[in-house]
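Novice: One file: data.cif (mmCIF, C-alpha atoms, pLDDT in the B column; chains and numbers go by the auth columns).
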```
data_start
#
loop_
_atom_site.group_PDB
_atom_site.id
_atom_site.type_symbol
_atom_site.label_atom_id
_atom_site.label_comp_id
_atom_site.label_asym_id
_atom_site.label_seq_id
_atom_site.Cartn_x
_atom_site.Cartn_y
_atom_site.Cartn_z
_atom_site.B_iso_or_equiv
_atom_site.auth_seq_id
_atom_site.auth_asym_id
ATOM 1 C CA MET A 1 56.676 62.099 -16.698 43.00 1 A
ATOM 2 C CA ASN A 2 54.503 63.590 -19.418 48.00 2 A
ATOM 3 C CA VAL A 3 52.767 66.680 -17.987 50.00 3 A
ATOM 4 C CA LEU A 4 49.455 65.917 -19.725 49.00 4 A
ATOM 5 C CA TYR A 5 49.473 62.365 -18.392 47.00 5 A
ATOM 6 C CA GLU A 6 50.330 63.636 -14.914 52.00 6 A
ATOM 7 C CA LYS A 7 47.252 65.904 -14.979 51.00 7 A
ATOM 8 C CA MET A 8 45.044 62.913 -15.845 51.00 8 A
ATOM 9 C CA ILE A 9 46.066 60.946 -12.749 53.00 9 A
ATOM 10 C CA PRO A 10 43.648 61.772 -9.933 55.00 10 A
ATOM 11 C CA LYS A 11 45.317 62.940 -6.747 57.00 11 A
ATOM 12 C CA GLU A 12 42.383 61.845 -4.589 62.00 12 A
ATOM 13 C CA PRO A 13 42.369 58.318 -3.183 71.00 13 A
ATOM 14 C CA LEU A 14 39.661 56.029 -4.537 75.00 14 A
ATOM 15 C CA GLU A 15 37.992 56.017 -1.105 79.00 15 A
ATOM 16 C CA LYS A 16 36.888 59.602 -1.774 84.00 16 A
ATOM 17 C CA PHE A 17 34.862 58.435 -4.773 90.00 17 A
ATOM 18 C CA THR A 18 33.498 55.385 -2.959 91.00 18 A
ATOM 19 C CA SER A 19 32.138 57.641 -0.216 90.00 19 A
ATOM 20 C CA LEU A 20 30.270 59.679 -2.851 92.00 20 A
ATOM 21 C CA CYS A 21 28.488 56.650 -4.309 95.00 21 A
ATOM 22 C CA ASN A 22 25.774 54.164 -3.552 95.00 22 A
ATOM 23 C CA VAL A 23 26.395 50.532 -4.545 96.00 23 A
ATOM 24 C CA GLN A 24 23.585 48.005 -4.922 97.00 24 A
ATOM 25 C CA ASP A 25 23.742 44.296 -5.781 98.00 25 A
ATOM 26 C CA LEU A 26 21.921 43.059 -8.870 98.00 26 A
ATOM 27 C CA LEU A 27 21.307 39.742 -10.613 98.00 27 A
ATOM 28 C CA ILE A 28 21.294 40.317 -14.372 98.00 28 A
ATOM 29 C CA GLY A 29 21.481 38.690 -17.794 97.00 29 A
ATOM 30 C CA GLY A 30 20.818 35.008 -18.248 97.00 30 A
ATOM 31 C CA PRO A 31 19.556 32.718 -20.988 97.00 31 A
ATOM 32 C CA SER A 32 16.461 34.809 -21.686 97.00 32 A
ATOM 33 C CA PHE A 33 18.850 37.496 -23.023 97.00 33 A
ATOM 34 C CA HIS A 34 21.332 35.152 -24.739 97.00 34 A
ATOM 35 C CA GLN A 35 21.399 31.374 -25.068 95.00 35 A
ATOM 36 C CA GLY A 36 24.261 29.967 -23.018 94.00 36 A
ATOM 37 C CA ALA A 37 24.507 32.956 -20.692 97.00 37 A
ATOM 38 C CA ALA A 38 24.205 32.631 -16.929 98.00 38 A
ATOM 39 C CA ILE A 39 22.395 34.953 -14.592 98.00 39 A
ATOM 40 C CA VAL A 40 25.305 36.807 -12.995 98.00 40 A
ATOM 41 C CA LYS A 41 25.879 39.144 -10.091 98.00 41 A
ATOM 42 C CA ALA A 42 26.505 42.786 -10.879 98.00 42 A
ATOM 43 C CA TYR A 43 26.804 46.034 -8.970 98.00 43 A
ATOM 44 C CA ASP A 44 24.901 49.237 -9.696 98.00 44 A
ATOM 45 C CA VAL A 45 27.399 51.964 -8.803 97.00 45 A
ATOM 46 C CA ARG A 46 26.121 55.530 -8.955 96.00 46 A
ATOM 47 C CA ALA A 47 26.916 58.883 -7.431 93.00 47 A
ATOM 48 C CA ASN A 48 24.664 59.838 -4.541 93.00 48 A
ATOM 49 C CA ASP A 49 23.475 62.827 -6.600 88.00 49 A
ATOM 50 C CA ALA A 50 22.938 60.865 -9.857 84.00 50 A
ATOM 51 C CA ALA A 51 20.344 62.332 -12.193 80.00 51 A
ATOM 52 C CA GLN A 52 17.458 60.402 -13.724 83.00 52 A
ATOM 53 C CA ALA A 53 18.170 59.237 -17.278 86.00 53 A
ATOM 54 C CA SER A 54 21.926 59.150 -16.640 93.00 54 A
ATOM 55 C CA PRO A 55 24.353 57.750 -19.178 96.00 55 A
ATOM 56 C CA CYS A 56 25.596 54.259 -18.334 97.00 56 A
ATOM 57 C CA LEU A 57 28.917 52.430 -18.442 97.00 57 A
ATOM 58 C CA VAL A 58 28.644 48.637 -18.393 98.00 58 A
ATOM 59 C CA ASN A 59 31.977 47.565 -16.890 98.00 59 A
ATOM 60 C CA PHE A 60 33.746 44.214 -17.159 98.00 60 A
ATOM 61 C CA HIS A 61 36.445 43.762 -14.490 97.00 61 A
ATOM 62 C CA GLY A 62 40.046 42.819 -15.144 94.00 62 A
ATOM 63 C CA GLY A 63 41.835 39.619 -14.236 92.00 63 A
ATOM 64 C CA ALA A 64 42.759 38.019 -17.570 91.00 64 A
ATOM 65 C CA ALA A 65 39.247 36.465 -17.713 90.00 65 A
ATOM 66 C CA ILE A 66 40.516 33.828 -15.239 90.00 66 A
ATOM 67 C CA GLY A 67 40.532 35.844 -12.013 92.00 67 A
ATOM 68 C CA GLY A 68 39.426 39.032 -10.346 93.00 68 A
ATOM 69 C CA THR A 69 35.956 40.044 -9.282 95.00 69 A
ATOM 70 C CA ALA A 70 33.542 42.820 -10.014 95.00 70 A
ATOM 71 C CA GLU A 71 33.563 43.708 -6.318 95.00 71 A
ATOM 72 C CA GLN A 72 37.298 44.456 -6.521 94.00 72 A
ATOM 73 C CA ALA A 73 36.567 46.914 -9.348 95.00 73 A
ATOM 74 C CA ASN A 74 33.850 48.817 -7.448 96.00 74 A
ATOM 75 C CA PRO A 75 36.230 51.572 -6.200 94.00 75 A
ATOM 76 C CA PHE A 76 37.301 52.293 -9.792 94.00 76 A
ATOM 77 C CA CYS A 77 33.667 52.184 -10.895 96.00 77 A
ATOM 78 C CA ALA A 78 32.840 54.738 -8.186 96.00 78 A
ATOM 79 C CA ARG A 79 35.480 57.032 -9.681 94.00 79 A
ATOM 80 C CA TYR A 80 33.941 56.573 -13.148 95.00 80 A
ATOM 81 C CA ALA A 81 30.448 57.218 -11.765 96.00 81 A
ATOM 82 C CA VAL A 82 31.454 60.482 -10.111 95.00 82 A
ATOM 83 C CA MET A 83 33.820 61.821 -12.762 92.00 83 A
ATOM 84 C CA CYS A 84 31.688 60.797 -15.771 92.00 84 A
ATOM 85 C CA LYS A 85 28.331 61.553 -14.110 93.00 85 A
ATOM 86 C CA ALA A 86 27.197 58.088 -15.179 95.00 86 A
ATOM 87 C CA VAL A 87 25.680 54.972 -13.669 97.00 87 A
ATOM 88 C CA VAL A 88 28.139 52.071 -13.788 98.00 88 A
ATOM 89 C CA ILE A 89 26.823 48.529 -13.991 98.00 89 A
ATOM 90 C CA ASN A 90 29.801 46.419 -12.922 98.00 90 A
ATOM 91 C CA VAL A 91 29.384 42.829 -14.171 98.00 91 A
ATOM 92 C CA GLU A 92 30.651 39.596 -12.576 97.00 92 A
ATOM 93 C CA TYR A 93 31.047 37.358 -15.640 97.00 93 A
ATOM 94 C CA ARG A 94 31.986 33.653 -15.485 97.00 94 A
ATOM 95 C CA LEU A 95 35.722 32.917 -15.518 96.00 95 A
ATOM 96 C CA ALA A 96 37.933 30.350 -17.259 94.00 96 A
ATOM 97 C CA PRO A 97 39.111 27.654 -16.901 94.00 97 A
ATOM 98 C CA GLU A 98 35.992 26.498 -15.023 96.00 98 A
ATOM 99 C CA HIS A 99 33.857 28.070 -17.760 96.00 99 A
ATOM 100 C CA LYS A 100 35.312 27.727 -21.227 95.00 100 A
ATOM 101 C CA ALA A 101 35.210 30.592 -23.721 93.00 101 A
ATOM 102 C CA PRO A 102 32.954 32.125 -24.815 97.00 102 A
ATOM 103 C CA ALA A 103 31.058 31.831 -21.479 97.00 103 A
ATOM 104 C CA GLY A 104 32.283 35.230 -20.218 97.00 104 A
ATOM 105 C CA ILE A 105 31.367 36.885 -23.497 98.00 105 A
ATOM 106 C CA ASP A 106 27.931 35.213 -23.407 98.00 106 A
ATOM 107 C CA ASP A 107 27.436 36.611 -19.897 98.00 107 A
ATOM 108 C CA GLY A 108 28.645 40.067 -20.940 98.00 108 A
ATOM 109 C CA TYR A 109 26.347 40.215 -23.953 98.00 109 A
ATOM 110 C CA ALA A 110 23.340 39.051 -21.917 98.00 110 A
ATOM 111 C CA ALA A 111 24.202 41.547 -19.166 98.00 111 A
ATOM 112 C CA LEU A 112 24.300 44.405 -21.671 98.00 112 A
ATOM 113 C CA LYS A 113 20.975 43.346 -23.195 98.00 113 A
ATOM 114 C CA TRP A 114 19.505 43.136 -19.656 98.00 114 A
ATOM 115 C CA VAL A 115 20.712 46.672 -18.889 98.00 115 A
ATOM 116 C CA ILE A 116 19.148 47.979 -22.104 97.00 116 A
ATOM 117 C CA ALA A 117 15.853 46.177 -21.377 98.00 117 A
ATOM 118 C CA ASN A 118 15.776 47.552 -17.818 98.00 118 A
ATOM 119 C CA ALA A 119 17.142 51.032 -18.540 97.00 119 A
ATOM 120 C CA GLU A 120 14.023 52.895 -17.454 95.00 120 A
ATOM 121 C CA ASP A 121 13.809 51.076 -14.107 96.00 121 A
ATOM 122 C CA LEU A 122 17.541 51.705 -13.564 96.00 122 A
ATOM 123 C CA GLY A 123 17.246 55.433 -14.321 95.00 123 A
ATOM 124 C CA ILE A 124 19.521 55.034 -17.357 95.00 124 A
ATOM 125 C CA ASP A 125 19.234 56.793 -20.715 96.00 125 A
ATOM 126 C CA PRO A 126 19.040 53.822 -23.150 95.00 126 A
ATOM 127 C CA THR A 127 20.561 55.952 -25.921 95.00 127 A
ATOM 128 C CA ARG A 128 23.717 56.654 -23.884 95.00 128 A
ATOM 129 C CA ILE A 129 25.181 53.265 -22.929 97.00 129 A
ATOM 130 C CA ALA A 130 28.832 52.277 -23.353 97.00 130 A
ATOM 131 C CA ILE A 131 30.792 49.108 -22.583 98.00 131 A
ATOM 132 C CA ILE A 132 34.200 49.272 -20.914 97.00 132 A
ATOM 133 C CA GLY A 133 36.722 46.887 -19.439 96.00 133 A
ATOM 134 C CA GLU A 134 40.381 46.556 -18.616 93.00 134 A
ATOM 135 C CA SER A 135 42.644 43.548 -19.056 94.00 135 A
ATOM 136 C CA GLY A 136 40.387 40.478 -19.232 95.00 136 A
ATOM 137 C CA GLY A 137 37.441 42.872 -19.110 96.00 137 A
ATOM 138 C CA GLY A 138 38.762 44.410 -22.316 96.00 138 A
ATOM 139 C CA TYR A 139 38.615 40.952 -23.868 97.00 139 A
ATOM 140 C CA ILE A 140 34.983 40.612 -22.731 98.00 140 A
ATOM 141 C CA THR A 141 34.215 44.115 -24.031 97.00 141 A
ATOM 142 C CA ALA A 142 35.703 43.273 -27.441 97.00 142 A
ATOM 143 C CA GLY A 143 33.753 40.002 -27.581 97.00 143 A
ATOM 144 C CA VAL A 144 30.501 41.751 -26.695 98.00 144 A
ATOM 145 C CA ALA A 145 31.190 44.397 -29.351 97.00 145 A
ATOM 146 C CA MET A 146 31.748 41.630 -31.919 97.00 146 A
ATOM 147 C CA ARG A 147 28.445 39.986 -30.928 97.00 147 A
ATOM 148 C CA LEU A 148 26.698 43.322 -31.392 97.00 148 A
ATOM 149 C CA ALA A 149 28.292 43.780 -34.817 96.00 149 A
ATOM 150 C CA GLU A 150 27.385 40.233 -35.916 96.00 150 A
ATOM 151 C CA ARG A 151 23.757 40.901 -35.020 97.00 151 A
ATOM 152 C CA ARG A 152 23.751 44.414 -36.498 97.00 152 A
ATOM 153 C CA GLU A 153 23.092 45.806 -33.000 96.00 153 A
ATOM 154 C CA GLY A 154 26.107 48.131 -32.811 93.00 154 A
ATOM 155 C CA GLY A 155 23.782 51.134 -32.479 92.00 155 A
ATOM 156 C CA LEU A 156 22.675 49.873 -29.065 93.00 156 A
ATOM 157 C CA VAL A 157 26.007 50.960 -27.580 94.00 157 A
ATOM 158 C CA ARG A 158 26.754 54.646 -27.858 87.00 158 A
ATOM 159 C CA PHE A 159 27.578 57.130 -25.161 73.00 159 A
#
```
Once more with this new file: its structure as structure tokens, please.

Specialist:
Amino acid sequence: MNVLYEKMIPKEPLEKFTSLCNVQDLLIGGPSFHQGAAIVKAYDVRANDAAQASPCLVNFHGGAAIGGTAEQANPFCARYAVMCKAVVINVEYRLAPEHKAPAGIDDGYAALKWVIANAEDLGIDPTRIAIIGESGGGYITAGVAMRLAERREGGLVRF
């Protein structure tokens, strides 16, 4: 195995990071932030010692955009929160095939806009927000980034 890659793999179990974080349920997004978007559940995952005006990662969970849940991704989000010293807003977007594309992207875009609009109340620095996702969440992330570019709002996402 590549030595550099080996150093990047944390030796601690994810439970260690979960125990260092506080997780709160949120309802975010919706049609007031983007037509066609639903109000969706999300999790605010932050280290117990999180600073005010923290940077923020808006996370979209994996699952090929047809499965998975944000709750399943919370342990990984706890790791990101601790290691990146950031608040993670972990979004539960609508899934296909029950909700045809671009429903998940609509939800992701509205969720991001909600986070930006509520940054002060969330203790987030609105100038240090990033979007992340893996697998199907990467698809949502790319779609949200395209929406931002189409609307000339790319400057809203920078970490």

Novice: Measuring atom to atom with all atoms listed in the file, identify which of A:Asp107, A:Glu15, A:Asp44, A:Glu98 is nearest to Gly67 (chain A).

Specialist: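 Between A:Asp107, A:Glu15, A:Asp44, A:Glu98, the residue approaching Gly67 (chain A) most closely is A:Glu98.
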
Novice: Out of A:Val91, A:Ala81, A:Cys21, A:Val40, which residue has the shortest atom-to-atom distance to Gly68 (chain A) when counting all atoms listed in the file?

Specialist: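 Answer, going by the shortest atom-to-atom distance: A:Val91.
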
Novice: When you count all atoms listed in the file, which of these residues is closest to Cys56 (chain A): A:Phe33, A:Tyr80, A:Phe17, A:Tyr93?

Specialist: A:Tyr80

Novice: Name the closest residue to Ala65 (chain A) among the candidates A:Val115, A:Ala103, A:Ala50, A:Leu148; distances are taken between atoms, counting all atoms listed in the file.

Specialist: A:Ala103

Novice: Under the PyMOL selection byres ((chain A and resi 154) around 12), which residues of this model are included? Write them out as a ChimeraX atom specification.

Specialist: /A:109,112-113,127,129-131,144-153,155-159

Novice: Return the single residue from A:Ala101, A:Ile89, A:Val23, A:Ala78 that is closest to Trp114 (chain A), with distances computed using all atoms listed in the file.

Specialist: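 Comparing A:Ala101, A:Ile89, A:Val23, A:Ala78 against Trp114 (chain A), the winner is A:Ile89.
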
Novice: Starting from the shown file, work through the PyMOL selection byres ((chain A and resi 39) around 10) and note down what comes out as a list in words.

Specialist: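 What the PyMOL selection byres ((chain A and resi 39) around 10) grabs from the file is Leu26, Leu27, Ile28, Gly29, Gly30, Pro31, Ser32, Phe33, Gly36, Ala37, Ala38, Val40, Lys41, Ala42, Glu92, Tyr93, Arg94, Asp107, Ala110 and Ala111 of chain A.
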
Novice: Would you list the contacts of Ser19 (chain A) as a PyMOL selection string, taking every protein, DNA or RNA residue within 12 Å and counting only C-alpha atoms, but skipping same-chain residues closer than 3 positions in sequence?

Specialist: chain A and resi 12-16+22-23+45-49+74-75+78-79+81-82

Novice: Which residue, A:Gln24, A:Tyr139, A:Lys100, A:Gly133, has the smallest gap to Asn59 (chain A) when you use all atoms listed in the file?

Specialist: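 Answer, going by the shortest atom-to-atom distance: A:Gly133.
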
Novice: Go ahead and compute the interatomic distance for CA of Ile140 (chain A) and CA of Asp125 (chain A), in Å to one decimal.

Specialist: 22.7 Å

Novice: What separation in Å, quoted to one decimal, exists between CA of Gln72 (chain A) and CA of Pro97 (chain A)?

Specialist: 19.8 Å

Novice: Between CA of Phe76 (chain A) and CA of Gly123 (chain A), what is the spacing in Å?

Specialist: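 Atom-to-atom, CA of Gly123 (chain A) and CA of Phe76 (chain A) are spaced 20.8 Å apart.
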
Novice: Using all atoms of region 21-38 of chain A listed in the file and a margin of 5 Å per side, can you give the axis-aligned box centre and edge lengths in Å to one decimal, as JSON?

Specialist:
```
{"center_x": 22.5, "center_y": 43.3, "center_z": -14.3, "size_x": 22.0, "size_y": 36.7, "size_z": 31.5}
```

Novice: Run the PyMOL selection byres ((chain A and resi 53) around 12) against the file shown and list the residues it catches, as an MDAnalysis selection string.

Specialist: chainID A and resid 50:52 54:56 85:87 118:129
